[in-house]
>>> print(open('my_file.pdb').read())   # PDB, C-alpha atoms
ATOM      1  CA  MET A   1      27.824 -32.266  -0.851
ATOM      2  CA  ASN A   2      29.561 -28.923  -0.623
ATOM      3  CA  LYS A   3      27.871 -25.917   1.001
ATOM      4  CA  THR A   4      26.879 -24.272  -2.286
ATOM      5  CA  LEU A   5      25.139 -27.389  -3.596
ATOM      6  CA  LYS A   6      23.498 -27.923  -0.216
ATOM      7  CA  TRP A   7      21.974 -24.409  -0.248
ATOM      8  CA  ILE A   8      20.835 -24.851  -3.856
ATOM      9  CA  ALA A   9      19.090 -28.071  -2.847
ATOM     10  CA  ILE A  10      17.452 -26.375   0.153
ATOM     11  CA  LEU A  11      16.235 -23.417  -1.915
ATOM     12  CA  ALA A  12      14.975 -25.705  -4.666
ATOM     13  CA  GLY A  13      13.083 -27.691  -2.045
ATOM     14  CA  TRP A  14      11.510 -24.519  -0.687
ATOM     15  CA  GLY A  15      10.522 -23.514  -4.202
ATOM     16  CA  VAL A  16       8.781 -26.830  -4.882
ATOM     17  CA  LEU A  17       7.049 -26.721  -1.515
ATOM     18  CA  ALA A  18       5.974 -23.101  -1.946
ATOM     19  CA  THR A  19       4.624 -23.741  -5.446
ATOM     20  CA  ALA A  20       2.725 -26.818  -4.340
ATOM     21  CA  SER A  21       1.126 -25.237  -1.291
ATOM     22  CA  GLY A  22       0.577 -21.583  -2.095
ATOM     23  CA  CYS A  23       3.766 -20.424  -0.364
ATOM     24  CA  SER A  24       2.199 -20.769   3.106
ATOM     25  CA  PRO A  25       4.976 -22.872   4.730
ATOM     26  CA  MET A  26       7.665 -20.531   3.422
ATOM     27  CA  TYR A  27       5.797 -17.446   4.627
ATOM     28  CA  ARG A  28       5.195 -18.964   8.068
ATOM     29  CA  ALA A  29       8.864 -19.858   8.395
ATOM     30  CA  MET A  30       9.701 -16.191   7.722
ATOM     31  CA  GLY A  31       7.194 -14.914  10.280
ATOM     32  CA  TYR A  32       4.548 -13.861   7.755
ATOM     33  CA  PRO A  33       0.876 -14.874   7.730
ATOM     34  CA  PRO A  34      -0.259 -17.531   5.215
ATOM     35  CA  ASN A  35      -1.185 -15.154   2.381
ATOM     36  CA  PRO A  36       0.532 -11.793   2.904
ATOM     37  CA  MET A  37       0.411 -10.999  -0.825
ATOM     38  CA  ARG A  38      -3.378 -10.961  -1.140
ATOM     39  CA  THR A  39      -4.258  -7.747  -2.950
ATOM     40  CA  ALA A  40      -8.063  -7.811  -2.835
ATOM     41  CA  PRO A  41      -9.924  -7.097   0.396
ATOM     42  CA  PRO A  42     -11.451 -10.074   2.198
ATOM     43  CA  PRO A  43     -15.054 -10.764   1.121
ATOM     44  CA  GLY A  44     -17.525  -8.321   2.637
ATOM     45  CA  VAL A  45     -14.968  -5.888   4.058
ATOM     46  CA  LEU A  46     -15.500  -2.954   1.698
ATOM     47  CA  GLY A  47     -19.239  -2.980   2.223
ATOM     48  CA  GLY A  48     -19.303  -4.254   5.789
ATOM     49  CA  ALA A  49     -16.801  -1.987   7.555
ATOM     50  CA  LEU A  50     -18.215   0.167  10.337
ATOM     51  CA  ALA A  51     -20.071   3.054   8.720
ATOM     52  CA  VAL A  52     -19.772   6.785   9.213
ATOM     53  CA  GLY A  53     -22.169   7.773  11.975
ATOM     54  CA  ALA A  54     -21.840   4.469  13.811
ATOM     55  CA  ARG A  55     -20.473   4.261  17.339
ATOM     56  CA  LEU A  56     -17.327   2.291  18.099
ATOM     57  CA  PRO A  57     -18.094  -1.138  19.552
ATOM     58  CA  ALA A  58     -17.108  -1.945  23.111
ATOM     59  CA  ALA A  59     -13.700  -3.598  23.262
ATOM     60  CA  THR A  60     -10.756  -4.244  25.546
ATOM     61  CA  LEU A  61      -7.332  -3.614  24.038
ATOM     62  CA  SER A  62      -3.798  -3.493  25.420
ATOM     63  CA  ASP A  63      -1.128  -0.834  25.114
ATOM     64  CA  ASP A  64       2.376  -1.802  24.061
ATOM     65  CA  ALA A  65       3.342  -2.287  27.696
ATOM     66  CA  GLY A  66       0.726  -5.034  27.866
ATOM     67  CA  LYS A  67      -1.693  -3.066  30.067
ATOM     68  CA  PRO A  68      -5.356  -3.680  29.143
ATOM     69  CA  PHE A  69      -7.848  -0.849  28.839
ATOM     70  CA  ALA A  70     -11.415  -0.311  27.675
ATOM     71  CA  LEU A  71     -11.612   1.451  24.338
ATOM     72  CA  ALA A  72     -14.473   3.622  25.605
ATOM     73  CA  ASP A  73     -12.201   5.022  28.328
ATOM     74  CA  ARG A  74      -9.877   6.419  25.677
ATOM     75  CA  THR A  75     -12.524   7.845  23.362
ATOM     76  CA  THR A  76     -14.557   9.920  25.831
ATOM     77  CA  ASP A  77     -12.099  12.778  26.314
ATOM     78  CA  LYS A  78     -10.817  13.435  22.789
ATOM     79  CA  ALA A  79     -11.096  12.475  19.145
ATOM     80  CA  TRP A  80      -8.908   9.740  17.698
ATOM     81  CA  VAL A  81      -7.497   8.517  14.429
ATOM     82  CA  LEU A  82      -7.459   4.723  14.524
ATOM     83  CA  VAL A  83      -5.071   3.194  11.998
ATOM     84  CA  PHE A  84      -5.552  -0.551  11.576
ATOM     85  CA  TYR A  85      -2.435  -2.126  10.086
ATOM     86  CA  ARG A  86      -1.529  -5.689   9.149
ATOM     87  CA  GLY A  87       1.664  -6.079  11.139
ATOM     88  CA  HIS A  88       5.263  -5.080  11.700
ATOM     89  CA  TRP A  89       6.316  -7.279   8.768
ATOM     90  CA  CYS A  90       4.362  -5.224   6.191
ATOM     91  CA  PRO A  91       6.510  -2.527   4.491
ATOM     92  CA  TYR A  92       3.435  -0.544   3.420
ATOM     93  CA  CYS A  93       2.206  -0.501   7.016
ATOM     94  CA  ARG A  94       5.599   0.678   8.264
ATOM     95  CA  ALA A  95       5.630   3.473   5.691
ATOM     96  CA  GLN A  96       2.121   4.524   6.696
ATOM     97  CA  LEU A  97       2.957   4.617  10.399
ATOM     98  CA  SER A  98       6.127   6.598   9.735
ATOM     99  CA  GLU A  99       4.165   9.168   7.763
ATOM    100  CA  MET A 100       1.503   9.432  10.476
ATOM    101  CA  GLN A 101       4.308   9.947  13.002
ATOM    102  CA  SER A 102       5.740  12.774  10.887
ATOM    103  CA  LEU A 103       2.515  14.772  11.376
ATOM    104  CA  LEU A 104       1.831  13.677  14.953
ATOM    105  CA  ALA A 105       2.445  17.211  16.272
ATOM    106  CA  ASP A 106      -0.254  18.505  13.923
ATOM    107  CA  PHE A 107      -2.730  15.889  15.109
ATOM    108  CA  THR A 108      -1.882  16.697  18.714
ATOM    109  CA  LYS A 109      -2.350  20.420  18.067
ATOM    110  CA  ALA A 110      -5.806  19.614  16.679
ATOM    111  CA  GLY A 111      -6.620  17.743  19.893
ATOM    112  CA  VAL A 112      -6.637  14.359  18.199
ATOM    113  CA  GLY A 113      -4.872  11.199  19.320
ATOM    114  CA  VAL A 114      -3.363   8.750  16.846
ATOM    115  CA  ALA A 115      -3.368   5.030  17.585
ATOM    116  CA  ALA A 116      -2.109   2.215  15.376
ATOM    117  CA  ILE A 117      -3.879  -1.084  15.998
ATOM    118  CA  ALA A 118      -2.818  -4.595  15.031
ATOM    119  CA  GLY A 119      -3.085  -8.082  16.425
ATOM    120  CA  GLU A 120       0.537  -8.075  17.585
ATOM    121  CA  GLY A 121       1.802  -7.995  21.130
ATOM    122  CA  ALA A 122       4.686  -6.114  22.711
ATOM    123  CA  GLU A 123       7.233  -8.582  21.319
ATOM    124  CA  ASP A 124       6.530  -7.137  17.874
ATOM    125  CA  SER A 125       5.277  -3.612  18.612
ATOM    126  CA  ALA A 126       8.207  -2.655  20.861
ATOM    127  CA  PRO A 127      10.860  -3.281  18.163
ATOM    128  CA  LEU A 128       8.595  -1.567  15.624
ATOM    129  CA  ARG A 129       8.341   1.503  17.843
ATOM    130  CA  GLN A 130      12.102   1.619  18.273
ATOM    131  CA  LYS A 131      12.920   1.002  14.609
ATOM    132  CA  LEU A 132      10.544   3.691  13.323
ATOM    133  CA  GLY A 133      10.951   6.119  16.226
ATOM    134  CA  LEU A 134       7.212   6.048  16.932
ATOM    135  CA  THR A 135       5.654   8.057  19.745
ATOM    136  CA  LEU A 136       2.062   7.580  18.573
ATOM    137  CA  ASP A 137       0.005   5.007  20.471
ATOM    138  CA  LEU A 138       0.403   1.332  19.579
ATOM    139  CA  TRP A 139      -2.554  -0.793  20.683
ATOM    140  CA  THR A 140      -2.953  -4.544  20.570
ATOM    141  CA  ASP A 141      -6.148  -6.260  19.483
ATOM    142  CA  GLN A 142      -4.659  -9.692  19.991
ATOM    143  CA  GLU A 143      -7.871 -11.685  19.624
ATOM    144  CA  LEU A 144      -9.034  -9.358  16.816
ATOM    145  CA  ALA A 145     -12.274  -8.774  18.718
ATOM    146  CA  LEU A 146     -12.387  -5.082  17.820
ATOM    147  CA  THR A 147     -11.145  -5.710  14.284
ATOM    148  CA  LYS A 148     -13.942  -8.207  13.678
ATOM    149  CA  ALA A 149     -16.546  -5.930  15.256
ATOM    150  CA  MET A 150     -15.366  -3.123  12.960
ATOM    151  CA  GLY A 151     -15.895  -5.435   9.967
ATOM    152  CA  ILE A 152     -12.296  -5.290   8.733
ATOM    153  CA  ALA A 153     -10.841  -8.653   9.712
ATOM    154  CA  ASP A 154      -8.706 -10.622   7.266
ATOM    155  CA  THR A 155      -9.510 -13.962   8.867
ATOM    156  CA  GLU A 156      -7.369 -15.948   6.424
ATOM    157  CA  ASN A 157      -4.273 -14.178   7.725
ATOM    158  CA  ALA A 158      -5.590 -13.397  11.244
ATOM    159  CA  VAL A 159      -4.759  -9.684  10.798
ATOM    160  CA  PRO A 160      -6.710  -6.453  10.304
ATOM    161  CA  TRP A 161      -7.285  -5.391   6.721
ATOM    162  CA  PRO A 162      -5.782  -1.873   6.352
ATOM    163  CA  ALA A 163      -8.296   0.781   7.382
ATOM    164  CA  VAL A 164      -8.420   4.208   9.014
ATOM    165  CA  PHE A 165     -11.253   5.569  11.156
ATOM    166  CA  VAL A 166     -11.567   9.111  12.478
ATOM    167  CA  VAL A 167     -13.788   9.146  15.563
ATOM    168  CA  ASP A 168     -15.002  12.066  17.653
ATOM    169  CA  LYS A 169     -14.698  12.309  21.438
ATOM    170  CA  GLY A 170     -17.963  10.405  21.822
ATOM    171  CA  GLY A 171     -16.609   7.459  19.844
ATOM    172  CA  VAL A 172     -18.715   8.120  16.727
ATOM    173  CA  VAL A 173     -17.106   7.478  13.325
ATOM    174  CA  ARG A 174     -16.825  10.748  11.383
ATOM    175  CA  TRP A 175     -14.728   9.441   8.477
ATOM    176  CA  ARG A 176     -13.442   6.093   7.328
ATOM    177  CA  TRP A 177     -11.147   4.702   4.695
ATOM    178  CA  VAL A 178     -10.803   1.005   3.813
ATOM    179  CA  ALA A 179      -8.056  -0.247   1.503
ATOM    180  CA  GLU A 180      -8.942  -1.581  -1.919
ATOM    181  CA  THR A 181      -5.398  -2.957  -2.060
ATOM    182  CA  TYR A 182      -2.893  -3.213   0.769
ATOM    183  CA  LYS A 183      -0.361  -1.275  -1.309
ATOM    184  CA  VAL A 184      -2.243   2.050  -1.263
ATOM    185  CA  ARG A 185      -2.832   4.100   1.913
ATOM    186  CA  PRO A 186      -4.225   7.605   2.478
ATOM    187  CA  SER A 187      -1.653  10.297   3.131
ATOM    188  CA  ALA A 188      -1.292  11.638   6.656
ATOM    189  CA  LYS A 189      -2.309  15.073   5.340
ATOM    190  CA  ASP A 190      -5.514  13.659   3.886
ATOM    191  CA  VAL A 191      -6.342  12.017   7.211
ATOM    192  CA  LEU A 192      -5.538  15.206   9.126
ATOM    193  CA  ALA A 193      -7.980  17.089   6.909
ATOM    194  CA  GLN A 194     -10.763  14.820   8.159
ATOM    195  CA  VAL A 195     -10.308  15.259  11.896
ATOM    196  CA  PRO A 196     -13.130  17.038  13.746
ATOM    197  CA  ARG A 197     -12.288  20.602  14.717
ATOM    198  CA  PRO A 198     -13.207  22.040  18.146
TER     199      PRO A 198
END
>>> encode(input="my_file.pdb", output="structure tokens")
Amino acid sequence: MNKTLKWIAILAGWGVLATASGCSPMYRAMGYPPNPMRTAPPPGVLGGALAVGARLPAATLSDDAGKPFALADRTTDKAWVLVFYRGHWCPYCRAQLSEMQSLLADFTKAGVGVAAIAGEGAEDSAPLRQKLGLTLDLWTDQELALTKAMGIADTENAVPWPAVFVVDKGGVVRWRWVAETYKVRPSAKDVLAQVPRP
């Protein structure tokens, strides 16, 4: 069998396998979660996400150097924008983080930190930072403990469902946005308009 026919046979095999099993094996082989194309939020997320006026739950996260920290230690001295994203593999997430980065100086001027949170470790966040030129904070919620406590876990894919929370320096949610589809995100300007002013 020549190389062309061999590749046709391989691709045809992948197609049959993907069709028969919901594309999960193909996605996993490419480094994606089982159902990256789901468009509707996971059941209960839209109504169950942490509400405005609620306090952030206690959680331990890691920075992209792998150093753990208590979330409360970061949210006592200034307000934060917490951007929960699915992963480095998601083009809509990358576009959102790039846009947030483009206005980072404005957030900083307003006294607000910006942190992007996913379940990925440094092996994924470090290349993402370099590729997008990010200087905003990248935090890891590897066990999705915070994501689940915030009510925005996509347990099928073991990732956060896209969401943005603006919290004040006491860790109280002042504004939230939860995606109705992973393809639509709020603009960085719209988020900036929601940050608490001194």
>>> resolve_selection(input="my_file.pdb", expression="the PyMOL selection byres ((chain A and resi 47) around 12)", output="PyMOL selection string")
chain A and resi 41-46+48-51+150-152+176-180
>>> closest_residue(input="my_file.pdb", among="A:Val184, A:Gly119, A:Pro196, A:Ala40", to="Cys93 in chain A", atoms="all atoms listed in the file")
A:Val184
>>> resolve_selection(input="my_file.pdb", expression="the PyMOL selection byres ((chain A and resi 171-173) around 7)", output="compact mmCIF listing (two decimals) with C-alpha atoms, keeping the file's coordinate frame")
# COMPACT_ATOMS: atom_id res chain seq x y z
CA VAL A 52 -19.77 6.78 9.21
CA GLY A 53 -22.17 7.77 11.98
CA ALA A 54 -21.84 4.47 13.81
CA ARG A 55 -20.47 4.26 17.34
CA LEU A 56 -17.33 2.29 18.10
CA THR A 75 -12.52 7.84 23.36
CA THR A 76 -14.56 9.92 25.83
CA PHE A 165 -11.25 5.57 11.16
CA VAL A 166 -11.57 9.11 12.48
CA VAL A 167 -13.79 9.15 15.56
CA ASP A 168 -15.00 12.07 17.65
CA LYS A 169 -14.70 12.31 21.44
CA GLY A 170 -17.96 10.40 21.82
CA ARG A 174 -16.82 10.75 11.38
CA TRP A 175 -14.73 9.44 8.48
>>> resolve_selection(input="my_file.pdb", expression="the PyMOL selection byres ((chain A and resi 139) around 10)", output="list in words")
Leu61, Ser62, Asp63, Asp64, Ala65, Gly66, Lys67, Pro68, Phe69, Leu82, Val83, Phe84, Ala115, Ala116, Ile117, Ala118, Gly119, Glu120, Gly121, Ala122, Ser125, Leu136, Asp137, Leu138, Thr140, Asp141 and Gln142 of chain A
>>> atom_distance(input="my_file.pdb", atom1="CA of Glu156 in chain A", atom2="CA of Leu97 in chain A")
23.4 Å
>>> atom_distance(input="my_file.pdb", atom1="CA of Gly87 in chain A", atom2="CA of Glu123 in chain A")
11.9 Å
>>> atom_distance(input="my_file.pdb", atom1="CA of Gly113 in chain A", atom2="CA of Lys78 in chain A")
7.2 Å
>>> axis_aligned_box(input="my_file.pdb", around="range 46-60 of chain A", padding_each_side="4 Å", output="AutoDock Vina command-line options")
--center_x -16.5 --center_y 1.8 --center_z 13.6 --size_x 19.4 --size_y 20.0 --size_z 31.8
>>> residues_around(input="my_file.pdb", residues="Ala95 in chain A", least_positions_apart="3", cutoff="12 Å", atoms="all atoms listed in the file", output="number ranges by chain")
A: 85, 87-92, 98-102, 128, 131-132, 134, 182-188
